[in-house]
Structure formats: C-alpha cells, structure tokens
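Structure below is upload_19.cif: mmCIF, C-alpha atoms.
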data_target
#
loop_
_atom_site.label_atom_id
_atom_site.label_comp_id
_atom_site.auth_asym_id
_atom_site.auth_seq_id
_atom_site.Cartn_x
_atom_site.Cartn_y
_atom_site.Cartn_z
CA MET A 268 28.65 34.82 4.08
CA LYS A 269 27.66 31.96 1.79
CA ASN A 270 28.48 29.38 4.47
CA LEU A 271 26.30 31.25 6.96
CA LYS A 272 23.49 31.19 4.40
CA PHE A 273 23.83 27.41 3.94
CA LEU A 274 23.93 26.89 7.71
CA ALA A 275 20.80 28.98 8.16
CA VAL A 276 18.98 27.03 5.46
CA GLY A 277 19.99 23.74 7.09
CA ALA A 278 18.74 24.79 10.50
CA LEU A 279 15.53 26.27 9.10
CA GLY A 280 14.92 23.21 6.97
CA GLN A 281 15.36 20.88 9.94
CA GLY A 282 12.88 22.89 12.00
CA LEU A 283 10.28 23.12 9.25
CA VAL A 284 10.48 19.43 8.40
CA GLY A 285 10.19 18.43 12.03
CA SER A 286 7.24 20.76 12.67
CA LEU A 287 5.33 19.70 9.57
CA PHE A 288 5.54 15.97 10.24
CA THR A 289 4.35 16.25 13.82
CA THR A 290 0.90 16.88 12.30
CA THR A 291 0.88 14.01 9.76
CA ARG A 292 0.08 10.33 10.13
CA CYS A 293 2.06 7.76 8.18
CA THR A 294 1.59 4.12 7.23
CA ARG A 295 4.73 2.32 6.06
CA VAL A 296 4.21 -0.85 4.05
CA GLY A 297 6.82 -3.45 3.08
CA ARG A 298 9.46 -2.49 5.63
CA GLU A 299 10.34 -6.17 5.96
CA HIS A 300 11.94 -6.01 2.51
CA TYR A 301 14.90 -4.11 3.95
CA GLU A 302 14.60 -4.91 7.66
CA ASP A 303 15.04 -8.64 6.97
CA LEU A 304 18.21 -7.82 5.02
CA HIS A 305 19.47 -5.62 7.85
CA ARG A 306 18.97 -8.44 10.35
CA ALA A 307 21.11 -10.63 8.08
CA GLY A 308 23.85 -7.97 8.03
CA GLN A 309 23.08 -6.78 4.50
CA ARG A 310 22.96 -3.05 3.73
CA VAL A 311 20.81 -1.66 0.90
CA ILE A 312 20.37 1.18 -1.59
CA PHE A 313 17.06 3.01 -1.21
CA VAL A 314 15.80 4.21 -4.60
CA LEU A 315 13.22 7.01 -4.72
CA TRP A 316 11.99 9.67 -7.11
CA HIS A 317 13.46 13.13 -6.52
CA GLY A 318 10.10 14.78 -5.90
CA GLU A 319 9.19 12.40 -3.06
CA MET A 320 12.26 12.82 -0.87
CA LEU A 321 10.89 15.16 1.81
CA PRO A 322 8.75 12.64 3.76
CA LEU A 323 11.58 10.12 3.55
CA VAL A 324 14.03 12.60 5.04
CA HIS A 325 11.80 12.74 8.10
CA TYR A 326 10.90 9.07 8.43
CA HIS A 327 14.50 7.88 7.92
CA ARG A 328 16.14 10.65 9.93
CA GLY A 329 19.06 9.70 12.15
CA GLU A 330 19.79 6.42 10.36
CA GLY A 331 23.11 7.51 8.85
CA ILE A 332 22.02 6.75 5.27
CA VAL A 333 24.43 8.21 2.71
CA CYS A 334 22.61 10.04 -0.10
CA LEU A 335 23.92 10.90 -3.55
CA VAL A 336 23.48 14.67 -3.97
CA SER A 337 24.24 16.78 -7.01
CA GLU A 338 27.23 19.13 -7.06
CA HIS A 339 25.00 21.84 -8.50
CA ALA A 340 24.54 24.87 -6.23
CA ASP A 341 21.07 23.75 -5.11
CA GLY A 342 22.62 20.51 -3.90
CA GLU A 343 24.40 22.39 -1.12
CA TYR A 344 21.07 23.39 0.42
CA ILE A 345 19.85 19.79 0.25
CA THR A 346 23.14 18.62 1.78
CA ARG A 347 22.79 20.92 4.79
CA ILE A 348 19.23 19.77 5.46
CA LEU A 349 20.24 16.11 5.11
CA HIS A 350 23.17 16.53 7.51
CA ARG A 351 20.89 18.22 10.05
CA ASN A 352 18.60 15.19 9.88
CA GLY A 353 21.33 12.61 10.45
CA PHE A 354 22.20 11.63 6.86
CA GLY A 355 25.56 11.46 5.16
CA THR A 356 26.12 12.68 1.61
CA ALA A 357 28.15 11.77 -1.46
CA ARG A 358 28.44 14.71 -3.84
CA GLY A 359 28.08 13.99 -7.55
CA SER A 360 25.51 13.01 -10.16
CA SER A 361 25.06 11.47 -13.57
CA THR A 362 25.48 14.93 -15.14
CA ARG A 363 28.32 16.42 -13.10
CA GLY A 364 30.91 14.71 -10.94
CA GLY A 365 29.20 11.37 -11.36
CA SER A 366 32.25 9.13 -11.02
CA LYS A 367 33.31 11.06 -7.91
CA GLY A 368 29.90 10.50 -6.34
CA LEU A 369 29.97 6.79 -7.17
CA ARG A 370 33.40 6.39 -5.57
CA GLN A 371 32.07 8.00 -2.40
CA LEU A 372 29.06 5.67 -2.41
CA VAL A 373 31.32 2.64 -2.76
CA ARG A 374 33.41 3.79 0.20
CA ALA A 375 30.27 4.39 2.27
CA ALA A 376 28.95 0.91 1.42
CA ARG A 377 32.26 -0.67 2.41
CA SER A 378 32.01 1.09 5.77
CA GLY A 379 28.62 -0.52 6.40
CA LYS A 380 26.25 2.30 5.42
CA ASP A 381 22.91 2.17 3.64
CA LEU A 382 22.75 4.38 0.54
CA ALA A 383 20.02 6.42 -1.15
CA VAL A 384 19.83 7.51 -4.79
CA THR A 385 17.24 9.47 -6.79
CA PRO A 386 17.54 7.90 -10.26
CA ASP A 387 15.67 10.74 -11.97
CA GLY A 388 17.76 13.48 -10.34
CA PRO A 389 19.15 16.04 -10.32
CA LYS A 390 17.20 17.63 -13.17
CA GLY A 391 15.00 14.93 -14.70
CA PRO A 392 13.26 13.90 -16.79
CA PRO A 393 10.91 12.95 -13.93
CA HIS A 394 10.37 9.27 -13.18
CA VAL A 395 12.95 8.18 -15.74
CA PHE A 396 15.30 5.62 -14.24
CA LYS A 397 18.77 6.77 -15.25
CA PRO A 398 21.68 4.34 -14.82
CA GLY A 399 23.39 5.84 -11.75
CA ALA A 400 21.49 3.73 -9.19
CA LEU A 401 22.06 0.57 -11.25
CA VAL A 402 25.79 1.22 -11.47
CA ALA A 403 25.93 1.97 -7.73
CA SER A 404 24.20 -1.34 -7.00
CA GLN A 405 26.54 -3.19 -9.34
CA LEU A 406 29.70 -1.64 -7.90
CA THR A 407 28.73 -1.99 -4.24
CA GLY A 408 26.96 -5.35 -4.44
CA LEU A 409 24.03 -3.87 -2.49
CA PRO A 410 20.42 -4.59 -3.48
CA MET A 411 18.11 -1.72 -4.40
CA ILE A 412 14.92 -1.13 -2.41
CA PRO A 413 12.50 0.93 -4.52
CA ILE A 414 10.18 3.31 -2.61
CA ALA A 415 7.03 5.26 -3.42
CA VAL A 416 5.28 7.91 -1.31
CA GLY A 417 1.65 9.01 -1.44
CA ALA A 418 -0.14 11.77 0.50
CA SER A 419 -3.83 12.46 1.05
CA ALA A 420 -3.12 16.17 0.55
CA ALA A 421 0.03 17.92 -0.60
CA TRP A 422 1.48 20.99 -2.23
CA HIS A 423 3.64 20.51 -5.33
CA PHE A 424 6.35 22.93 -6.43
CA ASP A 425 6.24 24.26 -9.98
CA SER A 426 9.47 22.43 -10.76
CA TRP A 427 10.56 19.61 -13.05
CA ASP A 428 10.07 17.01 -10.30
CA ARG A 429 6.77 18.42 -8.90
CA PHE A 430 8.45 18.35 -5.49
CA MET A 431 5.90 17.20 -2.91
CA VAL A 432 5.30 18.89 0.45
CA PRO A 433 2.55 17.15 2.43
CA ARG A 434 -0.05 19.49 3.87
CA PRO A 435 -0.51 19.63 7.65
CA LEU A 436 -2.72 16.79 8.92
CA ALA A 437 -2.15 14.79 5.73
CA ARG A 438 -2.14 11.00 5.78
CA LEU A 439 0.99 9.54 4.21
CA ARG A 440 1.64 6.10 2.81
CA ILE A 441 5.20 4.90 2.14
CA VAL A 442 5.56 1.63 0.24
CA TYR A 443 8.86 -0.29 0.06
CA GLY A 444 9.35 -2.80 -2.76
CA GLU A 445 11.18 -6.09 -2.86
CA PRO A 446 14.98 -5.96 -3.23
CA VAL A 447 16.47 -5.84 -6.71
CA TRP A 448 20.02 -7.11 -7.22
CA VAL A 449 22.21 -6.05 -10.14
CA PRO A 450 24.65 -8.78 -11.24
CA ARG A 451 28.32 -7.81 -10.99
CA ASP A 452 28.87 -8.92 -14.58
CA ALA A 453 25.90 -7.02 -16.04
CA ASP A 454 26.90 -5.22 -19.24
CA ASP A 455 25.46 -1.99 -20.67
CA ALA A 456 22.77 -3.91 -22.54
CA ALA A 457 21.62 -5.62 -19.33
CA LEU A 458 21.51 -2.31 -17.48
CA THR A 459 19.54 -0.76 -20.32
CA THR A 460 16.99 -3.57 -20.03
CA LEU A 461 16.81 -3.33 -16.24
CA ALA A 462 16.08 0.41 -16.10
CA PRO A 463 12.52 0.27 -17.55
CA GLU A 464 11.80 -2.76 -15.34
CA LEU A 465 12.62 -0.63 -12.29
CA GLU A 466 10.44 2.18 -13.65
CA ALA A 467 7.55 -0.28 -13.91
CA ARG A 468 8.14 -1.52 -10.36
CA MET A 469 8.16 1.99 -9.00
CA ALA A 470 5.01 2.86 -10.94
CA ALA A 471 3.26 -0.13 -9.34
CA LEU A 472 4.46 0.98 -5.89
CA ALA A 473 3.19 4.50 -6.62
CA ARG A 474 -0.27 3.13 -7.37
CA GLU A 475 -0.21 1.21 -4.09
CA ALA A 476 0.92 4.32 -2.21
CA GLY A 477 -1.78 6.46 -3.81
CA ALA A 478 0.73 8.75 -5.50
CA GLY A 479 -0.69 10.72 -8.41
CA GLU A 480 -4.35 10.13 -7.60
CA PRO A 481 -6.70 13.15 -7.51
CA ASP A 482 -6.10 15.09 -4.25
CA GLY A 483 -3.86 12.20 -3.17
CA VAL A 484 -6.90 10.11 -2.20
CA TRP A 485 -6.07 6.43 -1.85
CA THR A 486 -8.33 3.89 -3.53
CA ARG A 487 -6.99 0.53 -2.36
CA ALA A 488 -9.52 -1.37 -0.26
CA ASP A 489 -6.96 -2.75 2.19
CA ARG A 490 -5.99 -0.01 4.65
CA SER A 491 -5.50 -2.23 7.68
CA ASP A 492 -1.75 -1.65 8.02
CA GLU A 493 -0.70 -0.33 11.41
CA PRO A 494 -0.23 3.47 11.14
CA GLU A 495 2.60 5.28 12.86
CA ARG A 496 3.39 8.85 13.73
#

Using structure tokens, write down the structure that the file contains.
Amino acid sequence: MKNLKFLAVGALGQGLVGSLFTTTRCTRVGREHYEDLHRAGQRVIFVLWHGEMLPLVHYHRGEGIVCLVSEHADGEYITRILHRNGFGTARGSSTRGGSKGLRQLVRAARSGKDLAVTPDGPKGPPHVFKPGALVASQLTGLPMIPIAVGASAAWHFDSWDRFMVPRPLARLRIVYGEPVWVPRDADDAALTTLAPELEARMAALAREAGAGEPDGVWTRADRSDEPER
C-alpha cells in the first residue's frame, strides 16, 4: 500500500510540475559556466537551496542528474518525483546516512553523471552552507556550480525552507554562478572557511535572480537575456 502511495505521488507530482511550468516564462543566465565544462568533458555538481528546487526539477528534467536526497520519509516522495522527471538519486544526508549518500555520489560521478546537492537540506537551517556539498566536490573532483532562482510571483510553504512554488504565468529567472573547485587536500579548516564564501556567492546570485524581493519583482536594469519557455 505504501509503495502504491509513493507511485501515485510521483505520477501526480510529474503532472502538476509539467502543467504549472507550461504557463511560466524563464530566463536562464550564466549557463555557459557549466555548458563550457560539459563541452570539455567535465561533469559538475549543481548546488542549490532546498526551497528553490521545484523550478530546477522542471528546467533540468531528463538530464540524468543524480541528486542527494534524505533518507527521511519525506525524501521518498521527492525521490519518486525526481525519478519521474528523469533524475537519479543518492539516498543519504548530513544528518542520516550521510556517508552512504556520499559513496553513491562518488559512484555516480565516476560513471559520468552530473550531481546536485542542497547544502542546507534536509531540515535547515535555511541558506546555511553545510559541508556535504564541499565534501562531495572534494571526493569526486567535480566543480560546484551554485544556482539561485527568482520568481515574479510565487507561493511559499510554511516550512523551514519556505519552499517556493511559482504562480501560474510567473516570470522566472535562474542564475548559474562560476564553478568552484575544492582542492583534494583541503582540510577541515579550509572547508570551514570555504562554506561562508559559498553562502556569499549564492546570496549574490539570489540578488541577481530577484529572489527575496517584495512580490518577487526584479530590480536589475539589464533584462535583455533571451527568455525561454
């Protein structure tokens, strides 16, 4: 019965996500930061805040990206939706099953997959860069690509991450940052120093994306980027 429930949630989630994003318009900025690496044969780790994952599930669907998902019960629902949208998953987190999840990420990277990690997941604090993504980058040798998402209008869940669901007809802006490499020989002190630097980078990307502005209204003067559906 539980498996049927998870399957139903996965199918429903796929349908709702697909229907919602047929009404939105999206501008994606900085894609060259990872596309140039892809052309050179280099895979990456996408790093995003937990509350901003929904638009990215849609706009990166079918790419085979392997996402780190918590082993908590709620993670099973997320896993089913991700699988329905063409993602792979590694189950684990920094709070439960973390080393297991990291081992799965390393195997996925060795098989030529891009990865995705929410460094403030699975339960916060929000927008605090915990070390899991840094360790994944160090172990796999893959650079991190930080991402921020803004919406002109959105609903936010009453949850720790203020999970964002863009409203129909919303304009979205996804901003990809420059790659960040973690040295293989980085010690705990170096990782501790790097975490707040990544938080600052992601905060700057959020301002560029318009995330957190009143009603999601963007204020940057330059809006000449080519939009896409």

Residues within 12 Å of A:Leu335, please, as a VMD selection string. Count all atoms listed in the file; anything in the same chain fewer than 5 positions from it doesn't count. chain A and resid 312 to 315 317 342 to 343 345 to 346 349 354 to 361 363 to 373 375 381 to 389 399 to 400 403

Return the single residue from A:Pro446, A:Gly308, A:Pro413, A:Pro433 that is closest to A:Glu466, with distances computed using all atoms listed in the file.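 Closest residue, counting all atoms listed in the file: A:Pro413.
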
For A:Arg295, which residue out of A:Ala437, A:Ala415, A:Val432, A:Ile348 is the nearest one, using all atoms listed in the file?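 Of A:Ala437, A:Ala415, A:Val432, A:Ile348, the one nearest A:Arg295 is A:Ala415, counting all atoms listed in the file.
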
Expressed in Å, the length from atom CA of A:Pro398 to atom CA of A:Trp448 is 13.8 Å

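Residues matched by the PyMOL selection byres ((chain A and resi 447) around 8) in this structure: Pro410, Met411, Ile412, Glu445, Pro446, Trp448 and Val449 of chain A.
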